[in-house]
Structure formats: C-alpha cells, structure tokens
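The structure appears right after this line, and notes come after that.
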Amino acid sequence: MIKKLASCIREYKRDTILTPLFVALEVVLECIIPMFSAELVNALSSGTEMSEVVRYGVIMLILAFASLACGALSGFYCARASSGFAKNLRRDLFYKVQDFSFANIDRFSTSSLVTRLTTDVTNVQNAFMMIIRVAVRTPFMLIFALIMAIRMAPQLAVIYLAIVPILSIGLVVIAKLAMPIFRTLFKKYDALNESVQENVTGIRVVKSFVREKYEIEKFDAASQVLKKDFTHVEKILAFNSPIMQFCIYLTMLFISFYGAKVIVGSGATTLDVGNMQSMLVYSMQIMMSLMFISMIFVMITMSVASAKRIVEVLDDESTITNPENPVTKVSDGSIDFSGVQFAYSADADKNVLEGIDLHIASGETVGIIGGTGSSKTSLIQLIPRLYDVTGGELKVGGVDVRKYDLDTLRGQVSVVLQKNVLFSGTIKENLRWGDENADDTEIERVCKLAQADEFIQRFPDKYDTYIEQGGTNVSGGQKQRLCIARALLKKPKILILDDSTSAVDTHTDALIRKAFAEEIPDTTKIIIAQRISSVQDADKIVVLDGGRINGMGTHEELLENNAIYREVYTSQMRPDTEKEVS
C-alpha cells in the first residue's frame, strides 16, 4: 500500500526530501537556543560585561532567524509536496475509474467513489503532510531536547523518565479507543454522500411526489450517525489536552522543586539558575513532542483506513482490457451472437442471457422488443464490450469483439440510451463529443437527421444555447434527439437506440426512422422500443423473454406466429381500434 501511494509523489520528490531536511535544521537550532540562554543567565548571575550580553544576544538572534527561515522553507516545501501528492493521487484515481468496465464500477457505488476521490484523498494528504514535516520534527525534537537536558542537568533529567511513561500510556489508550471508530466512519460517509446524490439527481421526482420531508429525515438520520460517531471520537481525543497539560505542569513543578533544592543545597555549584531555566524549556519541548506524536498516531490511523480504500480502487484491474496485438479496424457493421450467455456476476444464480443466437447483416435494421426485465439492454451492452460475454461468442464485422482494440470497437458502435446524459456546455460542445473536429455544417446535418434542428432553431442562441448540467433546461424528447445527433456524429458502423425515442411523439419517431433509412443505409441499426410502431418497419424483429429469444421475424411473421408480439401489438392498437369504431 505504501509503495502504491508513494508512486504518486513523482515530480515532487525534491520537495518531499527538502521538507524533513529543513525541519531537522529547525529543530537543531531551536534546541541550541536554550543552551545559550542558560549561559547568558549564568553570566548575568556571576556579573559580566555588557559586551558579553550583546554577544549572546546577537548569537541567539541569528539562531532564531535561522530557525525561522528553516521553518518557513520546510512549510513551503511541505505545502508543495503534499498538495502535489494529492493532485497526483486524485489524477491516478480518476484515470483508473475512467478505465473501469461497467463490472468494475458496479463493484464500487458512485457515492463511495466520490468519497474516495475527496474525503479519503484529503485524509491521506494530511497524513502525508504530517509524516514529512511533523513526524520528522517530533522525534528530532524529542531526541535533541533529551540530549541537551541530560547534558545540562543529568540529575533533573531523571524526572522525564518518570513522567514520559505516564503520558505515553495515556496517549496510547486514547489512540486505541479512537482507532476503531475512524475505521467505520468512512462507510457512513458513503451512505451520507449516497443520500445527497440520490436527492440532487432525483430532485424533480422528490418534489413531484412531495417527498422532501422523507428525504430530509433520511439525510438527518445519516448525518446524525456521523455526528454521534464524531462526537464520541472527539470526546476521547479531548483527553489529549488535559493529560498533556497535567504532565507538563507536573514536570515543571518537579524540576522547579528539585532544581531549587539542588541550587540552595549546593550553593549553585552543582546546578545554577540558567541551567534550571533551560530545563523548563526542554521539558516543554519534550512534552509537546509527545503530544504531537499522539496526534500523528491518530491522524495516521484515520488515514490508513482512507489509504486502504484508495488502494482498493488503484489495485482493481478492469475486467475488460485490450488484447495483445488487437484488431484496429472494423470492416463492417455485421453482428453475430453464437450461443451467447451472460451474467453480471460470477456468483449469480442464473444467467441474464441464455442461448442467444442472432445474426445481423451489415446495414440491417433490427428491432428488439420485450417486457421489462427481458434483458434487452443487457444484450446490446455486449456489442461495444461494456460487458463481456460469459459464454458463447459475439462477433462484430466477423471478428470476436474481445480481439478488437477497445477504442476502435467503441468508436464504431454508438449507443443512445433512454436516459442519456448531456453535459454542461453549449449544444455544439455537447454534440462534438461524437466528433471533436466536426464543423457547423456537419453538426446541423446530423441534427436534421435526428429531428433536433427544428427546436434548436427556435432557441435565441441556436446551436450556441447553453445546456445546464444534466440537460435540465431541455425537455426529455429534446434531450433524446440531441443524444441521437451526438451518436450520429461518430459516423458509426453500428447505431443502437435503447428506447431512446420513448419521449418523442410517434410522428417525430417516424421521421427519425425515415431519415435513418435514407441517409445512413449502410449503418446497422438496432432499435430497442416499447412501441410496436417504432420497430414494425425493421428488416427483422427480435422478441426477448426472460433473457432468451422467444421469436424472430418481420412484423407480419411475428403477428402470425408469436403470441407475445401479437399480445403487445393488440394492446397498443386497441385504443385506436375502439376510437375508429366509436
């Protein structure tokens, strides 16, 4: 895990090395200053010239400025190293997610991935910052302060041996109590993010069903659980400060008492006032170092849970990858399913698709119809290798899809989903997802094919109209037509419409199909639809039922031979028939 995370330092190695170097210099200088301070006090006690006082003053001033410079430089390099490390970590995570197959994404919920890219990365960044700065400063300070304390007054340094165990035991107990709580907090963060994401995404549904109160209560419940755990862990961590203060004042009391006793008893021959004063400074440095060690321990404990979650994503290999020596050209739009089986998980009780034998010639128009849960979408997702078949063989252009370069295959297969997504930006910017180099003429052409040009022309800014995130400022039918136009701009050999004209009227649907037949006759078109009218002119229609092909043929053949198709047709045509009779 450490090796995986350390690889994200990359170009910030220099900053990562310079940070602890300047921290070490800062600590050495801070520990030397009290020694000169003690010598100055002793010199004053025994009577000295003003020139000697000035000399000590100049030395301590130089040391203080040098320590300040080292501290500032360590802070500067630490900020660059930690923020750069976090940037690289987020980049690696995001790039990894982009390479994931749908099966990988199914393993991680969206809310969990968001938490890992934000909260978890921030926790690891904070831990990295503490490791290269505070975690270096603290042991250095502890060691140097102890060395200087023993050098100046070995008889009083024994006090530290009595106090340090008390403080250490207290801090270890606090850390052990806090650690398990931190480990469980992030899953609860996932639940909170999921609640927010669902609410924001489905806000129109929430408002239309007047479910604001329910959503607020659900959010409050998730928030209260987090609050309860954080309150509990903060109560535990709150003992840090009083234990620390108790040990500091106890140390100062013992040093003052025994130091005064030694000075008075020996007439300041064994120990003088300056040394005792320095011992008080060193005691503060030692105690503060121990307190920072406890903070580092807790922070690293919290970040380890985050680091494990991040590495889970970085280590997860995509289930779909390019083969060696991939095929980089799709010859045509023919599609051949041969005994195809498919399940979303290896642990699934049964296959989603079973025994699929379907052969589509290049340029054919094929309709797919079936009830909810008949696996229509699962079938078409296999064609661009969004998922891989778990049995049988699927060929595009006469080549097994698993032998293609992924970008090549997906570049020749355009899929338009019922709930396709538009991104924030102008209409032109959204459409150029299909072809970033498309000119205005080409954009208008595909929009006319998709019957989108007529409503775009009514917008004040036409093709420069700004689309809000998710396409919230256009209707469902307009969004679908824009997505169809975007898919057409890819000039694919295979065009798949997954119930993507469900939000347009039958007349517009017919115009889109007519434009397809006339303008892109060589493109293989697969149309998944609930309406018989959307597929009845197809070269052949496939009826799916329970993940199996129940029937296949033309509209007339299926009306005569397939009960499911006939039932759907009758149920959809009945209103018109009754209207004509009346």
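Letters A, B, ... mark the chains of the structure tokens in the order given; residue numbers begin at 1 per chain; ligand numbers begin at 1, in order shown.
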message = Residues near Ile236 (chain A), anyone? I mean within 10 Å using only C-alpha atoms, not counting same-chain ones fewer than 4 positions away, as a PyMOL selection string.
response = chain A and resi 173-178+230-232+240
key: Surrounding residues of Cys8 (chain A) excluding itself and chain neighbours under 5 positions, 6 Å, only C-alpha atoms, as number ranges by chain   = A: 85, 88-89
Can I get the selection written as a PDB file, in the first residue's frame, with C-alpha atoms?
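That gives us part_30.pdb:
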```pdb
ATOM      1  CA  PHE A  85       0.950  14.392  -3.977  1.00  0.00           C
ATOM      2  CA  ASN A  88      -1.372  13.079  -8.486  1.00  0.00           C
ATOM      3  CA  LEU A  89      -3.377  10.747  -6.279  1.00  0.00           C
TER       4      LEU A  89
END
```
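Among A:Val158, A:Leu417, A:Leu192, A:Met148, the residue with the shortest atom-to-atom distance to Ile255 (chain A), counting only C-alpha atoms, is A:Val158.
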Point-to-point distance from CA of Ser51 (chain A) to CA of Ala66 (chain A), Å rounded to tenths = 22.5 Å
inquiry  = Please list as a PyMOL selection string every residue within 8 Å of Arg481 (chain A), counting only C-alpha atoms and excluding residues in the same chain fewer than 6 positions away.
reply    = chain A and resi 447+450-452+501
Nearby residues (only C-alpha atoms) at most 6 Å from Ile286 (chain A), same-chain spacing under 3 positions excluded, as a PyMOL selection string = chain A and resi 142+283+289
Given the selection you just returned, output its residues as a file containing N, CA and C atoms, formatted as a CSV table (one decimal), in the first residue's frame.
```csv
chain,number,residue,atom,x,y,z
A,142,LEU,N,12.3,15.6,20.3
A,142,LEU,CA,12.3,14.7,21.5
A,142,LEU,C,13.7,14.3,21.8
A,283,SER,N,11.8,20.7,28.9
A,283,SER,CA,10.7,19.9,29.4
A,283,SER,C,9.4,20.2,28.5
A,289,SER,N,6.4,17.4,22.1
A,289,SER,CA,6.8,16.4,21.1
A,289,SER,C,5.9,15.1,21.3
```
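Nearest to Asn123 (chain A) of all the residues A:Arg107, A:Ala162, A:Met302, A:Val23 is A:Met302, counting only C-alpha atoms.
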Could you give me, as an mmCIF file with C-alpha atoms, in the first residue's frame, the residues within 12 Å of region 303-312 of chain A, counting only C-alpha atoms and dropping anything in the same chain fewer than 5 positions from it?
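File around_24.cif, as written:
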```
data_model
loop_
_atom_site.group_PDB
_atom_site.id
_atom_site.type_symbol
_atom_site.label_atom_id
_atom_site.label_comp_id
_atom_site.auth_asym_id
_atom_site.auth_seq_id
_atom_site.Cartn_x
_atom_site.Cartn_y
_atom_site.Cartn_z
ATOM 1 C CA MET A 1 0.000 0.000 0.000
ATOM 2 C CA ILE A 2 2.806 2.420 0.916
ATOM 3 C CA LYS A 3 4.626 1.640 -2.330
ATOM 4 C CA LYS A 4 1.453 2.277 -4.339
ATOM 5 C CA LEU A 5 0.826 5.621 -2.639
ATOM 6 C CA ALA A 6 4.496 6.652 -2.770
ATOM 7 C CA SER A 7 4.404 6.300 -6.561
ATOM 8 C CA CYS A 8 2.116 9.356 -6.599
ATOM 9 C CA ALA A 86 -2.823 14.808 -3.531
ATOM 10 C CA LEU A 89 -3.377 10.747 -6.279
ATOM 11 C CA ARG A 90 -6.692 12.207 -7.452
ATOM 12 C CA ARG A 91 -5.488 12.048 -11.046
ATOM 13 C CA ASP A 92 -4.486 8.396 -10.741
ATOM 14 C CA LEU A 93 -7.797 7.537 -9.095
ATOM 15 C CA PHE A 94 -9.839 9.400 -11.723
ATOM 16 C CA LYS A 96 -8.296 4.446 -13.085
ATOM 17 C CA VAL A 97 -12.068 4.897 -12.843
ATOM 18 C CA ASN A 104 -15.763 -2.698 -12.016
ATOM 19 C CA ARG A 107 -18.406 -3.111 -7.505
ATOM 20 C CA PHE A 108 -17.993 0.443 -6.171
ATOM 21 C CA SER A 112 -18.201 5.548 -2.470
ATOM 22 C CA LEU A 113 -16.020 6.598 -5.425
ATOM 23 C CA VAL A 114 -16.834 10.263 -4.724
ATOM 24 C CA THR A 115 -15.844 9.821 -1.058
ATOM 25 C CA ARG A 116 -12.587 8.139 -2.055
ATOM 26 C CA LEU A 117 -11.732 10.940 -4.504
ATOM 27 C CA THR A 118 -12.488 13.677 -1.960
ATOM 28 C CA THR A 119 -12.553 12.857 1.771
ATOM 29 C CA ASP A 120 -10.178 9.892 1.592
ATOM 30 C CA VAL A 121 -7.631 11.728 -0.562
ATOM 31 C CA THR A 122 -7.763 14.713 1.811
ATOM 32 C CA ASN A 123 -7.119 12.434 4.805
ATOM 33 C CA VAL A 124 -4.152 10.794 3.092
ATOM 34 C CA GLN A 125 -2.843 14.222 2.022
ATOM 35 C CA ASN A 126 -2.998 15.463 5.631
ATOM 36 C CA ALA A 127 -1.217 12.324 6.830
ATOM 37 C CA PHE A 128 1.475 12.729 4.171
ATOM 38 C CA MET A 129 1.965 16.343 5.231
ATOM 39 C CA MET A 130 2.332 15.309 8.871
ATOM 40 C CA ILE A 131 4.717 12.467 8.007
ATOM 41 C CA MET A 179 -8.790 3.948 16.010
ATOM 42 C CA PRO A 180 -11.769 1.561 15.563
ATOM 43 C CA ILE A 181 -14.215 4.466 15.295
ATOM 44 C CA PHE A 182 -12.233 6.090 12.491
ATOM 45 C CA ARG A 183 -12.233 2.810 10.577
ATOM 46 C CA THR A 184 -16.051 2.719 10.464
ATOM 47 C CA LEU A 185 -16.622 6.401 9.730
ATOM 48 C CA PHE A 186 -15.891 6.269 6.002
ATOM 49 C CA LYS A 187 -18.598 3.745 5.177
ATOM 50 C CA TYR A 189 -19.622 8.945 4.750
ATOM 51 C CA ASP A 190 -20.512 6.805 1.722
ATOM 52 C CA ILE A 296 0.316 11.877 14.358
ATOM 53 C CA PHE A 297 -0.642 8.424 15.586
ATOM 54 C CA VAL A 298 -4.359 9.246 15.459
ATOM 55 C CA GLU A 317 -7.960 -4.197 -12.584
#
```
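When only C-alpha atoms are used to compute distances to Glu429 (chain A), the closest of the residues A:Asn550, A:Thr465, A:Thr16, A:Thr408 turns out to be A:Thr465.
Among the candidates A:Val543, A:Val41, A:Met295, A:Val233, the residue lying nearest to Lys376 (chain A) is A:Val543 (atoms considered: only C-alpha atoms).
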Excluding region 519-531 of chain A and residues on its chain fewer than 2 positions from it, collect all residues at most 6 Å away from it, counting only C-alpha atoms, and give them as a short mmCIF file (atom, residue, chain, number, x, y, z; two decimals) with C-alpha atoms, in the first residue's frame.
```
data_model
loop_
_atom_site.label_atom_id
_atom_site.label_comp_id
_atom_site.auth_asym_id
_atom_site.auth_seq_id
_atom_site.Cartn_x
_atom_site.Cartn_y
_atom_site.Cartn_z
CA GLY A 333 -21.47 -3.50 -39.13
CA SER A 362 -24.33 -5.04 -42.09
CA GLY A 363 -26.79 -2.24 -42.84
CA GLU A 364 -29.82 -4.13 -41.49
CA THR A 365 -32.38 -2.50 -39.23
CA VAL A 366 -33.28 -4.77 -36.34
CA GLY A 367 -35.98 -4.13 -33.77
CA ILE A 368 -35.82 -5.63 -30.28
CA ILE A 369 -38.95 -5.81 -28.18
CA LYS A 493 -20.96 1.33 -38.41
CA ILE A 494 -23.48 0.26 -35.74
CA LEU A 495 -26.11 2.54 -34.21
CA ILE A 496 -28.04 1.29 -31.17
CA LEU A 497 -31.12 3.13 -29.91
CA ASP A 498 -32.05 1.76 -26.50
CA ASP A 499 -35.62 3.02 -26.11
CA ALA A 515 -34.09 9.74 -42.12
CA PHE A 516 -32.04 6.79 -40.93
CA ALA A 517 -33.25 4.60 -43.79
CA SER A 533 -44.72 1.34 -34.36
CA SER A 534 -41.03 2.05 -33.69
#
```
